[in-house]
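The structure appears right after this line, and notes come after that.
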Amino acid sequence: MKSIHQWLALLCLVCLPVLANAQTAATAAPNYDLWQSVAGRAETAVDTGTDSSEVFEVLRVRITDFRAKFAAARTANKERIQTLQAQLAALGPVPETGSEPTNVATRRAELTQTLAEVQGPAQVAEAAYSRADGLIREIDNIIRERQTERLLALGPSPVNPVNWGPALTDFRERLSELSAESRLWSDPDARTTFRESTPLVLLLLAVAIVLLARGRRWSAIIADFLRRLGGRGLGLWGFVISLMRIALPLLGLLALCRALDATGMLGLRGQQLVDAIPYAGATLLGARWLAERLFSRLDEDALIMTRAERRSEARLYATLLALFLVLRGALDMMLSYGKNLSAATPAVLSFPLLVVTGLVLFRMGQILRGASKAGYQPEADDRVTTFVRVLRLVGLGAMVVSVVGPVMAAVGYEQAGSAMVYPTVLSLAVLGLVMALQRFFADIYCLISGLGVAGRDTLVPVLTSFALLLAFIPVLALIWGARVADLTELWTAFSRGFAIGETRVSPTDFIAFVVIFSIGLLLTRLLQGTLRNNVLPKTNIDTGGRNAIVSGLGYVGIFLAALIAITGAGIDLSSLAIVAGALSVGIGFGLQNIVSNFVSGIILLIERPISEGDWIEVGGQQGIVRAISVRSTRIETFDRTDVIVPNADLVSGTVTNFTRGNTVGRVIIPVGVAYGTDTRKVEKILKEIADAHPMALATPAPFVLLSAFGADSLDFEIRMVLRDINWSISVRNDVNHAIVEKFAEHGIEIPFAQRDVWLRNPEALAGQAPPQNSAAVGPKTDPDTPAKGDA
């Protein structure tokens with residue numbers, strides 16, 4: 001088991017894959033003679049399999065360096081090779097007869113020989129690269145197999161009393177070896193050195209005592225002052241001030257270690273223990289700080305919400321888990337002092353610590369199972385958020401590991417049990433750190449955007465959380481036993497890219513494509529904005545034409561940006577022609593409607609039968625065209641609802657455009673009068689009403705038409721041509737009001753439908769029986785029809 005400072009060192013290695021990739025750009029030519037020696041040594045070690053893992057790691061590092069040089073050498077003379085290949089292609093293929101002009105044959109032979117000479121170094125580098133890559137994979141397999149065997153090795157059981165005696169004996173021997181170093185006080189030179197450094201030691205001790213005793217208190221006072229002061233950015237500054245609770249006591253520990261070192265009384269093992277104190281202190285202080293961030297005493301600051309007493313327990317358990325990690329590191333360091341240890345000593349001595357760690361971890365898992373996200377109220381919201389699900393799943397996993405790990409160690413699988421429990425504790429710490437950093441960056445965004453606390457749930461903080469989680473994935477991999485070499489190998493494979501046919505697409509190509517396309521898209525948007533706001537408004541082009549020009553420019557700009565980005569990234573699409581041809585068949589069947597709508601959208605932009613702002617009717621829907629996109633057109637009805645119409649329907653169907661070209665349009669207003677009314681008088685009145693309306697055009701003048709002799713009235717129509725058809729509803733309202741007023745003034749009746757109701761048996765309504773021999777009034781009734789109640 002690694003000591004705690006080694007675990008902390010692993011947490012700092014997240015950027016090593018990036019640094020390792022930066023070192024691969026070696027410009028020096030490979031030394032193939034040295035490579036042959038190193039490769040032969042590695043192949044012998046792989047074949048025998050007797051060398052230690054440390055030897056294999058050293059060989060792997062050297063082979064990785066060579067592979068980086070071979071990777072750079074593979075692209076040597078790339079431009080020259082492309083030039084020679086282009087020249088050979090210009091000469092054309094060799095005739096089937098084998099006879100061609102002498103000068104052409106001579107030139108072809110010269111180019112072929114030159115091409116072979118230029119390709120030689122790259123081909124040699126390619127072969128060496130393949131050999132190095134294969135050796136690295138074989139070495140990685142050997143190391144992983146050894147790690148697995150060591151992890152699953154069955155050792156002595158720590159619960160067997162037979163193993164307790166040798167383990168306690170070894171433990172006492174380690175303590176005695178450590179205490180033997182205290183005899184340096186009997187050395188006169190050591191005492192002289194101590195007396196000379198006494199002032200410095202006392203000063204450092206005073207600084208250490210003050211910082212350790214008052215550092216956290218000073219940080220709490222500053223935090224309380226800022227909280228009372230209030231204002232924007234309180235959460236941000238609270239986070240920064242909380243870091244002082246780690247920094248000030250940690251400075252005190254560093255001063256204490258410096259004071260102990262200045263005494264000159266430390267031996268080799270004592271010096272190692274003193275050097276480990278800052279790591280242990282950072283672990284304890286960091287765990288306490290993280291627990292206070294996650295399970296804060298204040299509800300508004302807590303990142304994981306639960307009851308106040310549960311949060312207090314969680315803070316205690318987090319500190320205990322950090323303490324157990326420190327003790328495990330100290331135990332590993334102590335056991336590393338001696339080589340003649342009993343096989344049962346590590347298992348027996350580490351088992352009690354593993355059990356108590358499992359107990360605390362189990363309790364922490366229970367708290368996480370019942371916790372939720374800050375601001376989440378199950379009583380008010382029945383939905384279970386993804387965060388709550390993950391939190392409960394993490395808590396359940398911690399509970400399972402806390403039980404399985406100690407049980408496996410009790411059986412004899414001490415390595416496997418420890419490899420489950422302690423990485424789980426560190427993983428919980430890493431996930432908690434991600435949550436704390438996410439809140440910190442969210443507070444920064446809230447401060448900059450001015451959104452306040454509400455900005456924590458916007459898109460930018462969510463994306464930041466996702467990026468932080470991705471950034472800490474390598475740290476989690478290292479915690480769970482991955483080697484740095486494994487991560488660098490993954491990064492190398494990622495940097496190498498993937499092959500599609502004869503084209504290899506690497507991350508750098510993808511980044512180049514994204515950057516170039518983004519620049520092209522930005523320029524397109526800027527040009528669109530300039531035309532829309534500054535150039536086109538100064539022309540005589542109507543609104544629909546301007547929108548068509550701007551939209552067409554956008555499509556052309558996006559196409560050119562994509563084409564330039566593909567070319568600039570060096571992506572060769574010629575090898576994808578067959579694949580694209582095969583896909584086009586499927587796309588033609590599966591996406592034919594989308595393609596049809598896209599082409600129809602282009603036709604609408606070019607022909608412009610409709611434009612934005614037009615009043616149209618299509619498919620029984622009337623409304624104003626608000627937007628014409630690639631696939632569809634959005635129409636806003638007069639009920640203020642949006643209707644999405646596929647562009648193909650606008651091109652192939654019947655569309656009525658009421659405002660195409662101009663807004664002049666005719667409105668027909670029907671009105672009926674009673675029979676017997678003077679029709680000429682009615683015509684005169686209606687004509688006066690139409691002429692008096694300000695929206696009616698004088699040419700052509702309004703016209704009144706006696707359209708029909710209806711069943712209940714004489715039907716007239718007022719036909720008016722309006723200067724703006726968009727006001728037709730308002731004009732109808734005004735004219736109808738005027739008709740009512742004028743007709744009332746002149747005594748003209750507006751008839752309404754009347755119906756005469758005839759009762760077959762009126763006496764039934766009065767409760768009288770019909771006469772026996774009287775003739776029925778009206779038509780005869782059916783003998784089977786009841787006489788009463790029939791009306």
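To be explicit about the labels: the chains of the structure tokens are called A, B, and onward in the order shown, and within each one the residues are counted from 1, while ligands get numbers from 1 in the order they are shown.
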Phe351 (chain A) environment, 8 Å, only C-alpha atoms, sequence neighbours closer than 6 positions dropped, as a CSV table (one decimal) with N, CA, C and O atoms, in the first residue's frame:
chain,number,residue,atom,x,y,z
A,158,PRO,N,-5.5,-12.2,8.8
A,158,PRO,CA,-5.2,-11.4,9.9
A,158,PRO,C,-6.0,-11.7,11.2
A,158,PRO,O,-5.7,-11.3,12.3
A,406,PRO,N,-13.2,-5.2,4.1
A,406,PRO,CA,-12.7,-5.8,5.3
A,406,PRO,C,-12.9,-7.4,5.3
A,406,PRO,O,-12.1,-8.1,5.8
A,409,ALA,N,-10.2,-8.9,3.3
A,409,ALA,CA,-8.9,-8.8,4.0
A,409,ALA,C,-8.9,-9.8,5.1
A,409,ALA,O,-7.9,-10.4,5.4
A,410,ALA,N,-10.1,-10.1,5.7
A,410,ALA,CA,-10.1,-11.1,6.8
A,410,ALA,C,-9.9,-12.5,6.3
A,410,ALA,O,-9.3,-13.3,6.9
A,414,GLU,N,-5.7,-9.3,1.6
A,414,GLU,CA,-5.4,-8.0,2.2
A,414,GLU,C,-5.2,-6.9,1.1
A,414,GLU,O,-5.7,-5.8,1.2
Which residues of region 419-508 of chain A come within 10 Å of region 53-70 of chain A, and for each one, what is the closest pair of atoms and their distance in Å to one decimal, counting only C-alpha atoms, sorted by chain and residue number, as JSON lines?
{"residue": "A:Ala485", "atom": "CA", "partner": "A:Val61", "partner_atom": "CA", "distance": 8.5}
{"residue": "A:Thr488", "atom": "CA", "partner": "A:Thr64", "partner_atom": "CA", "distance": 9.9}
{"residue": "A:Glu489", "atom": "CA", "partner": "A:Thr64", "partner_atom": "CA", "distance": 9.2}
{"residue": "A:Thr492", "atom": "CA", "partner": "A:Ala68", "partner_atom": "CA", "distance": 9.4}
Apply DSSP to the structure's backbone, then extract all residues of region 233-415 of chain A labelled strand (DSSP E) and return them as a PyMOL selection string. chain A and resi 304-305+372-373
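The shell of residues at most 12 Å from Gly747 (chain A), with only C-alpha atoms counted and near chain neighbours (fewer than 4 positions) removed, consists of Val673, Ala674, Thr677, Asp678, Lys681, Val682, Ile685, Ile739, Val740, Glu741, Lys742 and Phe743 of chain A.
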Counting only C-alpha atoms, which residue out of A:Leu476, A:Leu316, A:Ala442, A:Leu354 sits closest to Gly405 (chain A)? A:Leu354
With a distance cut-off of 7 Å and only C-alpha atoms, select the neighbouring residues of region 206-210 of chain A, excluding the residue or stretch itself and same-chain residues fewer than 6 positions from it, and output the selection as a PyMOL selection string. chain A and resi 252-253+255-256
Can I get the selected residues back with N, CA and C atoms, as a compact mmCIF listing (two decimals), in the first residue's frame?
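Everything below was put into result.txt:
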# COMPACT_ATOMS: atom_id res chain seq x y z
N GLY A 252 2.04 26.78 9.40
CA GLY A 252 2.52 26.45 10.75
C GLY A 252 3.19 25.08 10.78
N LEU A 253 2.64 24.09 10.09
CA LEU A 253 3.27 22.77 10.04
C LEU A 253 4.62 22.84 9.33
N ALA A 255 6.59 25.40 9.26
CA ALA A 255 7.52 26.03 10.20
C ALA A 255 7.95 25.03 11.28
N LEU A 256 7.03 24.19 11.74
CA LEU A 256 7.37 23.18 12.74
C LEU A 256 8.38 22.18 12.17
Here is a test: counting only C-alpha atoms, which residue of A:Val401, A:Leu294, A:Leu273, A:Ala648 is nearest to Leu331 (chain A)? A:Leu273
Hey, what's within 9 Å of Val453 (chain A) if we count only C-alpha atoms and toss same-chain stuff fewer than 3 positions away? As a ChimeraX atom specification, please? /A:442-443,446,456-457
Between A:Tyr675, A:Phe362, A:Phe387, A:Phe441, which one has atoms that come closest to Ser402 (chain A), using only C-alpha atoms? A:Phe362
Could you give me, as number ranges by chain, the residues within 12 Å of Ala282 (chain A), counting only C-alpha atoms and dropping anything in the same chain fewer than 6 positions from it? A: 4-5, 8, 243, 245-254, 276, 288-290, 319, 322-323, 325-326
Could those residues be written to a file, using N, CA, C and O atoms, as a PDB file, in the first residue's frame?
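For reference, again-v5.pdb as written:
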ATOM      1  N   ILE A   4       0.608   7.986   2.199  1.00  0.00           N
ATOM      2  CA  ILE A   4      -0.322   9.062   1.872  1.00  0.00           C
ATOM      3  C   ILE A   4       0.315  10.120   0.986  1.00  0.00           C
ATOM      4  O   ILE A   4      -0.331  10.692   0.107  1.00  0.00           O
ATOM      5  N   HIS A   5       1.611  10.394   1.192  1.00  0.00           N
ATOM      6  CA  HIS A   5       2.219  11.415   0.333  1.00  0.00           C
ATOM      7  C   HIS A   5       2.374  10.924  -1.096  1.00  0.00           C
ATOM      8  O   HIS A   5       2.399  11.709  -2.038  1.00  0.00           O
ATOM      9  N   LEU A   8      -1.000  11.609  -2.638  1.00  0.00           N
ATOM     10  CA  LEU A   8      -1.126  13.018  -2.989  1.00  0.00           C
ATOM     11  C   LEU A   8      -0.304  13.363  -4.222  1.00  0.00           C
ATOM     12  O   LEU A   8      -0.697  14.201  -5.033  1.00  0.00           O
ATOM     13  N   LEU A 243     -10.054  28.971   2.085  1.00  0.00           N
ATOM     14  CA  LEU A 243      -8.757  28.348   1.792  1.00  0.00           C
ATOM     15  C   LEU A 243      -7.695  28.755   2.813  1.00  0.00           C
ATOM     16  O   LEU A 243      -6.696  28.038   2.987  1.00  0.00           O
ATOM     17  N   ARG A 245      -8.069  28.623   5.858  1.00  0.00           N
ATOM     18  CA  ARG A 245      -8.125  27.639   6.941  1.00  0.00           C
ATOM     19  C   ARG A 245      -7.183  26.475   6.673  1.00  0.00           C
ATOM     20  O   ARG A 245      -6.862  25.717   7.592  1.00  0.00           O
ATOM     21  N   ILE A 246      -6.798  26.309   5.436  1.00  0.00           N
ATOM     22  CA  ILE A 246      -5.792  25.299   5.101  1.00  0.00           C
ATOM     23  C   ILE A 246      -4.412  25.933   5.068  1.00  0.00           C
ATOM     24  O   ILE A 246      -3.445  25.388   5.601  1.00  0.00           O
ATOM     25  N   ALA A 247      -4.331  27.107   4.432  1.00  0.00           N
ATOM     26  CA  ALA A 247      -3.010  27.710   4.179  1.00  0.00           C
ATOM     27  C   ALA A 247      -2.307  28.098   5.483  1.00  0.00           C
ATOM     28  O   ALA A 247      -1.117  27.784   5.668  1.00  0.00           O
ATOM     29  N   LEU A 248      -3.005  28.767   6.389  1.00  0.00           N
ATOM     30  CA  LEU A 248      -2.333  29.245   7.601  1.00  0.00           C
ATOM     31  C   LEU A 248      -1.863  28.096   8.495  1.00  0.00           C
ATOM     32  O   LEU A 248      -0.685  28.083   8.915  1.00  0.00           O
ATOM     33  N   PRO A 249      -2.710  27.110   8.824  1.00  0.00           N
ATOM     34  CA  PRO A 249      -2.174  25.986   9.615  1.00  0.00           C
ATOM     35  C   PRO A 249      -1.096  25.197   8.880  1.00  0.00           C
ATOM     36  O   PRO A 249      -0.164  24.683   9.513  1.00  0.00           O
ATOM     37  N   LEU A 250      -1.211  25.093   7.556  1.00  0.00           N
ATOM     38  CA  LEU A 250      -0.186  24.361   6.810  1.00  0.00           C
ATOM     39  C   LEU A 250       1.155  25.089   6.872  1.00  0.00           C
ATOM     40  O   LEU A 250       2.221  24.452   6.975  1.00  0.00           O
ATOM     41  N   LEU A 251       1.116  26.418   6.833  1.00  0.00           N
ATOM     42  CA  LEU A 251       2.356  27.169   7.021  1.00  0.00           C
ATOM     43  C   LEU A 251       2.929  26.914   8.411  1.00  0.00           C
ATOM     44  O   LEU A 251       4.158  26.846   8.585  1.00  0.00           O
ATOM     45  N   GLY A 252       2.045  26.783   9.400  1.00  0.00           N
ATOM     46  CA  GLY A 252       2.520  26.450  10.749  1.00  0.00           C
ATOM     47  C   GLY A 252       3.190  25.084  10.781  1.00  0.00           C
ATOM     48  O   GLY A 252       4.234  24.909  11.447  1.00  0.00           O
ATOM     49  N   LEU A 253       2.643  24.094  10.086  1.00  0.00           N
ATOM     50  CA  LEU A 253       3.273  22.772  10.041  1.00  0.00           C
ATOM     51  C   LEU A 253       4.622  22.839   9.333  1.00  0.00           C
ATOM     52  O   LEU A 253       5.586  22.168   9.750  1.00  0.00           O
ATOM     53  N   LEU A 254       4.698  23.597   8.266  1.00  0.00           N
ATOM     54  CA  LEU A 254       5.986  23.742   7.573  1.00  0.00           C
ATOM     55  C   LEU A 254       7.021  24.392   8.490  1.00  0.00           C
ATOM     56  O   LEU A 254       8.199  24.004   8.494  1.00  0.00           O
ATOM     57  N   ALA A 276       7.179  13.865   6.001  1.00  0.00           N
ATOM     58  CA  ALA A 276       5.811  13.448   5.687  1.00  0.00           C
ATOM     59  C   ALA A 276       4.761  14.245   6.449  1.00  0.00           C
ATOM     60  O   ALA A 276       3.571  14.162   6.124  1.00  0.00           O
ATOM     61  N   ARG A 288     -10.910  18.390   6.194  1.00  0.00           N
ATOM     62  CA  ARG A 288     -11.799  19.199   7.037  1.00  0.00           C
ATOM     63  C   ARG A 288     -12.399  20.351   6.235  1.00  0.00           C
ATOM     64  O   ARG A 288     -13.589  20.653   6.350  1.00  0.00           O
ATOM     65  N   TRP A 289     -11.587  20.997   5.419  1.00  0.00           N
ATOM     66  CA  TRP A 289     -12.082  22.106   4.584  1.00  0.00           C
ATOM     67  C   TRP A 289     -13.140  21.612   3.601  1.00  0.00           C
ATOM     68  O   TRP A 289     -14.194  22.241   3.427  1.00  0.00           O
ATOM     69  N   LEU A 290     -12.870  20.482   2.963  1.00  0.00           N
ATOM     70  CA  LEU A 290     -13.817  19.943   1.991  1.00  0.00           C
ATOM     71  C   LEU A 290     -15.124  19.544   2.669  1.00  0.00           C
ATOM     72  O   LEU A 290     -16.219  19.770   2.132  1.00  0.00           O
ATOM     73  N   THR A 319     -13.234  13.835   8.475  1.00  0.00           N
ATOM     74  CA  THR A 319     -11.957  14.036   9.160  1.00  0.00           C
ATOM     75  C   THR A 319     -11.360  12.713   9.619  1.00  0.00           C
ATOM     76  O   THR A 319     -10.138  12.493   9.511  1.00  0.00           O
ATOM     77  N   ALA A 322      -9.794  10.892   6.678  1.00  0.00           N
ATOM     78  CA  ALA A 322      -8.485  11.463   6.349  1.00  0.00           C
ATOM     79  C   ALA A 322      -7.437  11.023   7.366  1.00  0.00           C
ATOM     80  O   ALA A 322      -6.285  10.728   6.997  1.00  0.00           O
ATOM     81  N   LEU A 323      -7.813  10.970   8.648  1.00  0.00           N
ATOM     82  CA  LEU A 323      -6.875  10.516   9.674  1.00  0.00           C
ATOM     83  C   LEU A 323      -6.463   9.061   9.435  1.00  0.00           C
ATOM     84  O   LEU A 323      -5.283   8.709   9.570  1.00  0.00           O
ATOM     85  N   LEU A 325      -6.342   7.547   6.572  1.00  0.00           N
ATOM     86  CA  LEU A 325      -5.424   7.534   5.426  1.00  0.00           C
ATOM     87  C   LEU A 325      -4.005   7.907   5.858  1.00  0.00           C
ATOM     88  O   LEU A 325      -3.021   7.312   5.413  1.00  0.00           O
ATOM     89  N   VAL A 326      -3.905   8.913   6.737  1.00  0.00           N
ATOM     90  CA  VAL A 326      -2.588   9.328   7.233  1.00  0.00           C
ATOM     91  C   VAL A 326      -1.944   8.195   8.040  1.00  0.00           C
ATOM     92  O   VAL A 326      -0.747   7.900   7.881  1.00  0.00           O
TER      93      VAL A 326
END
Write out as an MDAnalysis selection string the set of residues from region 472-556 of chain A that DSSP, computed on the backbone, places in alpha helix (DSSP H). chainID A and resid 473:479 484:496 507:530 543:556
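Using only C-alpha atoms, the contacts of Ala711 (chain A) at a cut-off of 12 Å, with sequence neighbours closer than 3 positions omitted, comprise Gly672, Val673, Ala674, Tyr675, Ala708, Leu714, Asp715, Pro751, Phe752, Ala753, Gln754 and Arg755 of chain A.
Of note, CA of Ala436 (chain A) and CA of Trp491 (chain A) are spaced 27.4 Å apart.
Closest to Ile142 (chain A) among A:Ala167, A:Leu200, A:Ala45, A:Ala76 is A:Ala45, based on only C-alpha atoms.
Among A:Phe510, A:Phe716, A:Phe295, A:Trp727, the residue with the shortest atom-to-atom distance to Ile750 (chain A), counting only C-alpha atoms, is A:Phe716.
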